[in-house]
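Visitor: Got a structure for you, written out below as structure tokens; questions coming shortly.
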Amino acid sequence: MAVAVVVAAIGTGARAHAQAAGPTVVPVEISATQQGASIQLRGPTGEIPCGERCALQLPQGQYRVFVSDRDGYTSAQRLTLVMPANLIVSPANHGDKVLGIGLFVGGIVATAAGVVMLYLAMLDSAFSGFSDCNSSCSGLPSWSWYAGGISLAAGLALGTTGLLMWRTNVHAAIGTRPLGAPPLPRAGLRVTPTAGRQWAGLGLTGRF
């Protein structure tokens with residue numbers, strides 16, 4: 001998911017002059033929402049260290065923003081810069097990402113167990129039907145159908161939850177504020193899109 005800061009160029013003459021002169025340099029303020037985090041940019045001019053907070057003059061273009069949280073876990077996000085901006089960078093939640101992976105794996109295992117149990121119960125039922133005997137010939141208890149169905153449903157739910165948690169926390173989040181705005185209080189804030197990835201609106205969530 002790329003975060004774009006867009007401004008419309010005014011006049012074809014200004015655009016032609018800007019193209020001839022090369023990328024326009026714009027002021028950018030960057031700060032992390034987590035105390036102790038460290039930010040680094042990679043763009044047209046190479047690697048640019050930022051630390052927890054910095055003010056830079058950057059040429060317009062495509063950047064990749066890397067942020068390491070206080071525990072040293074690094075996440076990244078793409079950025080398209082075309083106008084002055086105040087950027088707030090929130091590292092991905094490594095704990096929730098690992099938990100999401102665990103839930104996804106557990107969901108796959110539970111789903112597979114449910115499918116196997118239902119398949120065995122179906123074979124057992126078919127065998128009992130072909131042989132001229134009553135339900136006492138069955139080698140599986142009657143609750144095998146319920147157990148298989150419950151395991152399958154729980155596995156699908158766990159897998160979906162884990163996948164969503166992983167996708168939410170695999171990348172860093174970047175938000176925009178007015179240039180020159182005061183720093184945000186660092187209390188576990190994380191920037192999240194308020195209306196999906198295709199919109200520019202952002203919301204702040206966190207524990208205070």
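Please note that chains go A, B, ... in the order of the structure tokens, that every chain numbers its residues from 1, and that ligands are numbered from 1 in the order shown.
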Find the residues of range 18-121 of chain A that sit at most 9 Å from range 152-175 of chain A; for each, write down the nearest two atoms and how far apart they are in Å, to one decimal. Count only C-alpha atoms. Sort by chain, then by number going up, and give it as a Markdown table.
Guide:
| residue | atom | partner | partner_atom | distance |
| --- | --- | --- | --- | --- |
| A:Val65 | CA | A:Ala172 | CA | 8.3 |
| A:Phe66 | CA | A:Ala172 | CA | 7.8 |
| A:Val67 | CA | A:Ala172 | CA | 7.2 |
| A:Thr74 | CA | A:Ala172 | CA | 8.6 |
| A:Ser75 | CA | A:Ala172 | CA | 5.3 |
| A:Ala76 | CA | A:Ala172 | CA | 5.1 |
| A:Gln77 | CA | A:Ala172 | CA | 5.4 |
| A:Arg78 | CA | A:Ile174 | CA | 8.9 |
| A:Leu79 | CA | A:Ile174 | CA | 8.3 |
| A:Asn86 | CA | A:Gly175 | CA | 8.3 |
| A:Leu87 | CA | A:Gly175 | CA | 5.7 |
| A:Ile88 | CA | A:Gly175 | CA | 5.2 |
| A:Val89 | CA | A:Ile174 | CA | 4.6 |
| A:Ser90 | CA | A:Ala173 | CA | 5.1 |
| A:Pro91 | CA | A:Ala172 | CA | 4.7 |
| A:Ala92 | CA | A:Ala172 | CA | 4.7 |
| A:Asn93 | CA | A:Asn169 | CA | 5.4 |
| A:His94 | CA | A:Asn169 | CA | 7.0 |
| A:Gly95 | CA | A:Asn169 | CA | 8.8 |
| A:Asp96 | CA | A:Met165 | CA | 6.5 |
| A:Lys97 | CA | A:Trp166 | CA | 4.7 |
| A:Val98 | CA | A:Trp166 | CA | 7.4 |
| A:Leu99 | CA | A:Gly162 | CA | 7.2 |
| A:Gly100 | CA | A:Gly162 | CA | 3.8 |
| A:Ile101 | CA | A:Gly162 | CA | 5.9 |
| A:Gly102 | CA | A:Gly162 | CA | 7.0 |
| A:Leu103 | CA | A:Gly162 | CA | 4.6 |
| A:Phe104 | CA | A:Gly159 | CA | 4.0 |
| A:Val105 | CA | A:Gly159 | CA | 6.9 |
| A:Gly106 | CA | A:Leu158 | CA | 7.0 |
| A:Gly107 | CA | A:Gly155 | CA | 3.9 |
| A:Ile108 | CA | A:Gly155 | CA | 6.1 |
| A:Val109 | CA | A:Gly155 | CA | 7.1 |
| A:Ala110 | CA | A:Gly155 | CA | 4.5 |
| A:Thr111 | CA | A:Gly155 | CA | 4.4 |
| A:Ala112 | CA | A:Leu152 | CA | 7.3 |
| A:Ala113 | CA | A:Leu152 | CA | 7.3 |
| A:Gly114 | CA | A:Leu152 | CA | 4.4 |
| A:Val115 | CA | A:Leu152 | CA | 6.4 |
| A:Leu118 | CA | A:Leu152 | CA | 8.9 |
Visitor: Would you kindly return, as an MDAnalysis selection string, each protein, DNA or RNA residue with an atom no farther than 7 Å from any atom of Val25 in chain A, considering only C-alpha atoms and excluding same-chain residues fewer than 6 positions away?
Guide: chainID A and resid 57:60
Visitor: Output as an MDAnalysis selection string all residues of range 5-179 of chain A that backbone DSSP marks as alpha helix (DSSP H).
Guide: chainID A and resid 12:21 94:130 144:169
Visitor: Applying 8 Å and only C-alpha atoms, which residues near Ser38 in chain A remain after dropping the ones on its own chain fewer than 4 positions away? List them as a list in words.
Guide: Ala32, Cys50, Gly51, Glu52, Val67, Ser68, Asp69 and Arg70 of chain A
Visitor: Please report the interatomic distance between CA of Gly46 in chain A and CA of Tyr63 in chain A in Å with one decimal.
Guide: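 Between CA of Gly46 in chain A and CA of Tyr63 in chain A the gap works out to 9.4 Å.
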Visitor: One decimal, Å: what's the distance from CA of Ile150 in chain A over to CA of Met122 in chain A, could you say?
Guide: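 CA of Met122 in chain A lies at a distance of 15.5 Å from CA of Ile150 in chain A.
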Visitor: What's the separation between CA of Leu179 in chain A and CA of Glu47 in chain A, in Å to one decimal place?
Guide: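 Rounded to one decimal, the two atoms are 23.0 Å apart.
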Visitor: Pick from A:Gly149, A:Pro23, A:Arg53, A:Val28: nearest to Pro84 in chain A, with only C-alpha atoms counted?
Guide: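 Nearest to Pro84 in chain A: A:Val28.
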Visitor: Taking only range 51-124 of chain A into account, list the residues labelled strand (DSSP E or B) by DSSP (computed from the backbone), as a PyMOL selection string.
Guide: chain A and resi 51+53-59+61-68+74-81+85-90
